[in-house]
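Asker: One file is attached below, entry_37.txt, containing compact mmCIF, C-alpha atoms.
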```txt
# COMPACT_ATOMS: atom_id res chain seq x y z
CA MET A 1 -20.46 73.13 0.93
CA SER A 2 -17.61 74.76 -0.94
CA PHE A 3 -13.92 73.98 -0.75
CA GLU A 4 -13.29 77.28 1.01
CA ASN A 5 -15.97 76.60 3.63
CA PHE A 6 -14.68 73.07 4.19
CA VAL A 7 -11.07 74.18 4.55
CA SER A 8 -11.90 77.12 6.81
CA GLY A 9 -14.22 75.00 8.98
CA SER A 10 -11.94 71.99 9.25
CA LYS A 11 -8.69 71.51 11.04
CA PHE A 12 -6.04 69.84 8.94
CA SER A 13 -4.84 68.03 12.05
CA ALA A 14 -8.32 66.72 12.94
CA ASP A 15 -8.56 63.00 13.54
CA HIS A 16 -9.78 60.85 10.65
CA PHE A 17 -13.27 60.47 12.09
CA ALA A 18 -13.73 64.22 12.51
CA LEU A 19 -12.29 64.89 9.07
CA LEU A 20 -14.97 62.71 7.48
CA ASP A 21 -17.64 63.87 9.96
CA LEU A 22 -18.12 60.39 11.40
CA PRO A 23 -18.64 59.26 14.98
CA ARG A 24 -15.51 58.13 16.75
CA GLN A 25 -16.46 54.46 17.08
CA GLN A 26 -15.50 51.05 15.76
CA GLY A 27 -18.93 50.21 14.44
CA LEU A 28 -19.18 52.33 11.30
CA ASP A 29 -21.64 51.85 8.49
CA SER A 30 -19.38 51.03 5.54
CA ALA A 31 -21.75 52.64 3.05
CA GLU A 32 -21.85 55.84 5.10
CA LEU A 33 -18.05 55.86 5.34
CA ASP A 34 -17.86 55.53 1.56
CA ARG A 35 -20.46 58.27 1.08
CA ARG A 36 -18.70 60.69 3.44
CA PHE A 37 -15.35 59.99 1.75
CA ARG A 38 -16.77 60.63 -1.73
CA HIS A 39 -18.45 63.83 -0.54
CA VAL A 40 -15.33 65.29 1.07
CA GLN A 41 -13.07 64.03 -1.73
CA ALA A 42 -15.31 65.77 -4.27
CA LEU A 43 -14.79 69.06 -2.41
CA VAL A 44 -11.02 68.83 -2.17
CA HIS A 45 -10.01 66.88 -5.28
CA PRO A 46 -7.21 68.74 -7.10
CA ASP A 47 -8.94 68.33 -10.49
CA ARG A 48 -11.65 70.68 -9.26
CA HIS A 49 -9.05 73.37 -8.67
CA VAL A 50 -7.00 73.37 -11.87
CA GLN A 51 -8.15 76.91 -12.67
CA ALA A 52 -7.32 78.17 -9.17
CA GLY A 53 -4.09 79.76 -8.13
CA GLU A 54 -0.99 77.80 -7.22
CA VAL A 55 -1.59 78.15 -3.48
CA GLN A 56 -5.15 76.80 -3.70
CA GLN A 57 -3.99 73.94 -5.95
CA ARG A 58 -1.33 72.97 -3.42
CA LEU A 59 -3.87 73.26 -0.60
CA ALA A 60 -6.31 71.03 -2.50
CA MET A 61 -3.56 68.45 -3.05
CA GLN A 62 -2.70 68.43 0.67
CA TRP A 63 -6.34 68.07 1.68
CA ALA A 64 -6.98 65.34 -0.90
CA THR A 65 -3.98 63.41 0.43
CA ARG A 66 -5.21 63.84 4.00
CA VAL A 67 -8.75 62.69 3.11
CA ASN A 68 -7.41 59.63 1.24
CA GLU A 69 -5.25 58.73 4.23
CA ALA A 70 -8.24 59.01 6.56
CA TYR A 71 -10.30 56.74 4.34
CA GLN A 72 -7.52 54.16 3.98
CA VAL A 73 -7.19 53.94 7.77
CA LEU A 74 -10.90 53.85 8.57
CA LYS A 75 -12.07 51.46 5.82
CA PRO A 76 -10.46 48.21 7.06
CA PRO A 77 -11.96 47.36 10.47
CA GLY A 78 -8.64 46.10 11.88
CA GLN A 79 -6.80 49.29 10.99
CA ARG A 80 -9.73 51.35 12.24
CA ALA A 81 -9.56 49.56 15.60
CA LEU A 82 -5.82 50.14 15.88
CA TYR A 83 -6.26 53.83 15.08
CA LEU A 84 -9.25 54.21 17.39
CA LEU A 85 -7.51 52.55 20.32
CA THR A 86 -4.64 55.01 19.91
CA LEU A 87 -7.07 57.96 19.77
CA LEU A 88 -8.72 56.69 22.95
CA GLY A 89 -5.36 56.85 24.70
CA PHE A 90 -4.70 53.13 24.73
CA ASP A 91 -1.44 51.94 23.22
CA PRO A 92 -2.17 48.64 21.42
CA GLN A 93 1.57 47.83 21.50
CA VAL A 94 1.50 46.10 18.13
CA GLU A 95 5.25 46.59 17.73
CA SER A 96 6.42 45.87 21.25
CA ASN A 97 3.94 43.26 22.53
CA THR A 98 4.26 40.15 20.40
CA ALA A 99 2.97 37.79 23.08
CA MET A 100 0.27 35.50 21.74
CA PRO A 101 -1.43 32.47 23.19
CA ILE A 102 0.55 29.36 22.24
CA ALA A 103 -2.59 27.60 20.98
CA PHE A 104 -3.32 30.48 18.60
CA LEU A 105 0.25 30.53 17.28
CA MET A 106 0.26 26.76 16.78
CA GLN A 107 -3.07 26.94 14.95
CA GLN A 108 -1.69 29.67 12.68
CA MET A 109 1.48 27.70 11.94
CA GLU A 110 -0.47 24.54 11.13
CA PHE A 111 -2.90 26.44 8.94
CA ARG A 112 -0.04 28.15 7.10
CA GLU A 113 1.64 24.76 6.48
CA GLU A 114 -1.63 23.35 5.13
CA VAL A 115 -1.98 26.33 2.81
CA MET A 116 1.59 25.90 1.54
CA ALA A 117 0.98 22.20 0.92
CA ALA A 118 -2.31 22.91 -0.86
CA ARG A 119 -0.62 25.50 -3.03
CA ALA A 120 2.15 23.07 -3.95
CA ALA A 121 -0.44 20.40 -4.77
CA GLY A 122 -2.62 22.83 -6.71
CA ASP A 123 -5.55 22.08 -4.37
CA GLY A 124 -7.86 25.00 -5.16
CA VAL A 125 -10.79 23.38 -3.34
CA PHE A 126 -8.89 23.31 -0.05
CA LEU A 127 -7.67 26.87 -0.60
CA ASP A 128 -11.21 28.11 -1.37
CA THR A 129 -12.50 26.46 1.80
CA ALA A 130 -9.60 27.80 3.87
CA TYR A 131 -10.17 31.30 2.51
CA ALA A 132 -13.89 31.20 3.33
CA THR A 133 -13.25 29.83 6.82
CA LEU A 134 -10.62 32.42 7.65
CA GLN A 135 -12.71 35.24 6.16
CA ARG A 136 -15.61 34.16 8.40
CA ASP A 137 -13.32 34.16 11.46
CA ILE A 138 -12.02 37.63 10.59
CA THR A 139 -15.56 38.96 10.11
CA GLU A 140 -16.54 37.57 13.52
CA ALA A 141 -13.48 39.22 15.06
CA HIS A 142 -14.48 42.54 13.49
CA GLN A 143 -17.89 42.22 15.14
CA GLN A 144 -16.23 41.37 18.43
CA LEU A 145 -14.12 44.55 18.14
CA ILE A 146 -17.30 46.62 17.96
CA THR A 147 -18.48 45.06 21.21
CA LEU A 148 -15.11 45.37 22.95
CA ILE A 149 -14.43 48.98 21.93
CA ASP A 150 -17.83 50.64 21.55
CA HIS A 151 -19.84 48.87 24.24
CA GLN A 152 -17.57 47.25 26.81
CA HIS A 153 -14.65 49.72 26.53
CA ASP A 154 -12.32 46.77 27.03
CA TYR A 155 -9.36 48.22 25.18
CA LYS A 156 -6.89 45.64 26.46
CA MET A 157 -8.89 42.74 24.99
CA ALA A 158 -9.49 44.75 21.81
CA ALA A 159 -5.73 45.29 21.44
CA GLU A 160 -5.10 41.56 21.84
CA LEU A 161 -7.73 40.84 19.20
CA VAL A 162 -6.20 43.42 16.83
CA ARG A 163 -2.82 41.71 17.15
CA LYS A 164 -4.44 38.34 16.34
CA LEU A 165 -6.25 39.90 13.38
CA MET A 166 -2.95 41.10 11.97
CA PHE A 167 -1.77 37.47 11.81
CA GLN A 168 -5.05 36.30 10.29
CA GLU A 169 -5.21 39.05 7.69
CA LYS A 170 -1.65 38.28 6.59
CA LEU A 171 -2.57 34.61 6.24
CA LEU A 172 -5.71 35.55 4.29
CA HIS A 173 -3.50 37.41 1.79
CA GLU A 174 -1.24 34.35 1.54
CA ILE A 175 -4.25 32.15 0.80
CA ASN A 176 -5.43 34.62 -1.83
CA ASP A 177 -1.98 34.58 -3.43
CA ALA A 178 -2.03 30.76 -3.39
CA LEU A 179 -5.46 30.75 -5.02
CA GLU A 180 -4.23 33.03 -7.76
CA ALA A 181 -1.25 30.74 -8.32
CA VAL A 182 -3.34 27.56 -8.67
CA THR A 183 -6.31 29.01 -10.55
CA PRO A 184 -5.87 28.81 -14.31
```
When written as structure tokens, how does the structure in this file appear?
Answerer:
Amino acid sequence: MSFENFVSGSKFSADHFALLDLPRQQGLDSAELDRRFRHVQALVHPDRHVQAGEVQQRLAMQWATRVNEAYQVLKPPGQRALYLLTLLGFDPQVESNTAMPIAFLMQQMEFREEVMAARAAGDGVFLDTAYATLQRDITEAHQQLITLIDHQHDYKMAAELVRKLMFQEKLLHEINDALEAVTP
């Protein structure tokens, strides 16, 4: 497919799934997502259009930006879920609904304190274990999102899980930062 055919056949305002010619679902094959991104990016990349006129160069830049944005939203499962819920007409209320189960919040606070203490003590073993444990929990939550969104259509529960994932992913980054700080 050529750039001209892609641009004329695509709507710039198409959702990210349509733009990359992917099904609108939570359960995406990561390799297929990567393949579709590389294919579309190869068509629209501005470097392929350096000999073209100014209008086509600007158009290529706009499309490349749009395709990159789509990929950045669809690649992480948590962001994909948030985007998909919105497309499906369900407002996940990540900004306005901060209610979380007390037990979950307490667990997060305790875990965060343990991570801070391990960082201060230079306890890389604890941090490695904490990272692996939290990564496993996040991966399980991503699988649960596929079930909730694609199969059960339980968007309310999916939104609650997305909000929890946001906490967990932030903590995962903190653990990674702590590991970098204590690893020589």
Asker: Restrict the calculation to all atoms listed in the file, then for each residue of segment 19-122 of chain A with any atom at most 10 Å from an atom of segment 137-142 of chain A give the closest atom pair and their distance in Å to one decimal, rows by chain and rising residue number, as a tab-separated table.
Answerer:
```
residue	atom	partner	partner_atom	distance
A:Gln26	CA	A:His142	CA	8.9
A:Gly27	CA	A:His142	CA	8.9
A:Pro76	CA	A:His142	CA	9.5
A:Pro77	CA	A:His142	CA	6.2
A:Gly78	CA	A:His142	CA	7.0
A:Ala81	CA	A:His142	CA	8.8
```
Asker: So what do you get for atom CA of Arg38 of chain A versus atom CA of Gln62 of chain A, distance-wise?
Answerer: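 Atom CA of Arg38 of chain A sits 16.3 Å away from atom CA of Gln62 of chain A.
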Asker: Excluding Asp47 of chain A and residues on its chain fewer than 2 positions from it, collect all residues at most 12 Å away from it, counting all atoms listed in the file, and give them as JSON, numbers by chain.
Answerer: {"A": [41, 42, 43, 44, 45, 49, 50, 51, 52, 56, 57, 58, 60, 61, 64]}
Asker: How far is it from atom CA of Tyr83 of chain A to atom CA of His151 of chain A, in Å with one decimal?
Answerer: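 Taking atom CA of Tyr83 of chain A and atom CA of His151 of chain A, their separation equals 17.1 Å.
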Asker: So how far away is atom CA of Arg48 of chain A from atom CA of Asn68 of chain A, in Å?
Answerer: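 Between atom CA of Asn68 of chain A and atom CA of Arg48 of chain A the gap works out to 15.8 Å.
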Asker: Any chance you could tabulate, as a tab-separated table, the residues of segment 47-152 of chain A at most 12 Å from segment 13-22 of chain A with each one's nearest atom pair and distance in Å to one decimal, using all atoms listed in the file, in chain and rising number order?
Answerer:
```
residue	atom	partner	partner_atom	distance
A:Gln62	CA	A:Ser13	CA	11.6
A:Trp63	CA	A:Leu19	CA	10.0
A:Ala64	CA	A:Leu19	CA	11.3
A:Arg66	CA	A:His16	CA	8.6
A:Val67	CA	A:Leu19	CA	7.3
A:Asn68	CA	A:His16	CA	9.8
A:Glu69	CA	A:His16	CA	8.1
A:Ala70	CA	A:His16	CA	4.7
A:Tyr71	CA	A:His16	CA	7.5
A:Gln72	CA	A:His16	CA	9.7
A:Val73	CA	A:His16	CA	7.9
A:Leu74	CA	A:His16	CA	7.4
A:Lys75	CA	A:His16	CA	10.8
A:Gln79	CA	A:His16	CA	11.9
A:Arg80	CA	A:His16	CA	9.6
A:Tyr83	CA	A:His16	CA	9.0
A:Leu84	CA	A:Phe17	CA	9.1
A:Thr86	CA	A:Asp15	CA	10.9
A:Leu87	CA	A:Asp15	CA	8.2
A:Leu88	CA	A:Asp15	CA	11.3
```
Asker: What's around Asp123 of chain A at 10 Å? Count only C-alpha atoms, leave out sequence neighbours fewer than 4 positions away in its own chain, and write the answer as a ChimeraX atom specification.
Answerer: /A:115,117-119,127-128,178-179,182-183
Asker: For a quick check of your reading of the model, name the residues lying within 12 Å of the coordinate (-4.6, 39.8, 17.2), counting only C-alpha atoms, and write them as a PyMOL selection string.
Answerer: chain A and resi 78-79+81-82+92-95+97-101+104-105+108+137-138+141-142+144-145+156-170
Asker: Could you check which of A:His173, A:Arg36, A:His153, A:Lys11 is closest to Gly89 of chain A, using only C-alpha atoms?
Answerer: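 Of the candidates, the smallest distance to Gly89 of chain A is held by A:His153.
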Asker: Which residue, A:Ala181, A:Leu59, A:Gln25, A:Ala130, has the smallest gap to Arg112 of chain A when you use all atoms listed in the file?
Answerer: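 So, comparing all the options, the nearest one is A:Ala130.
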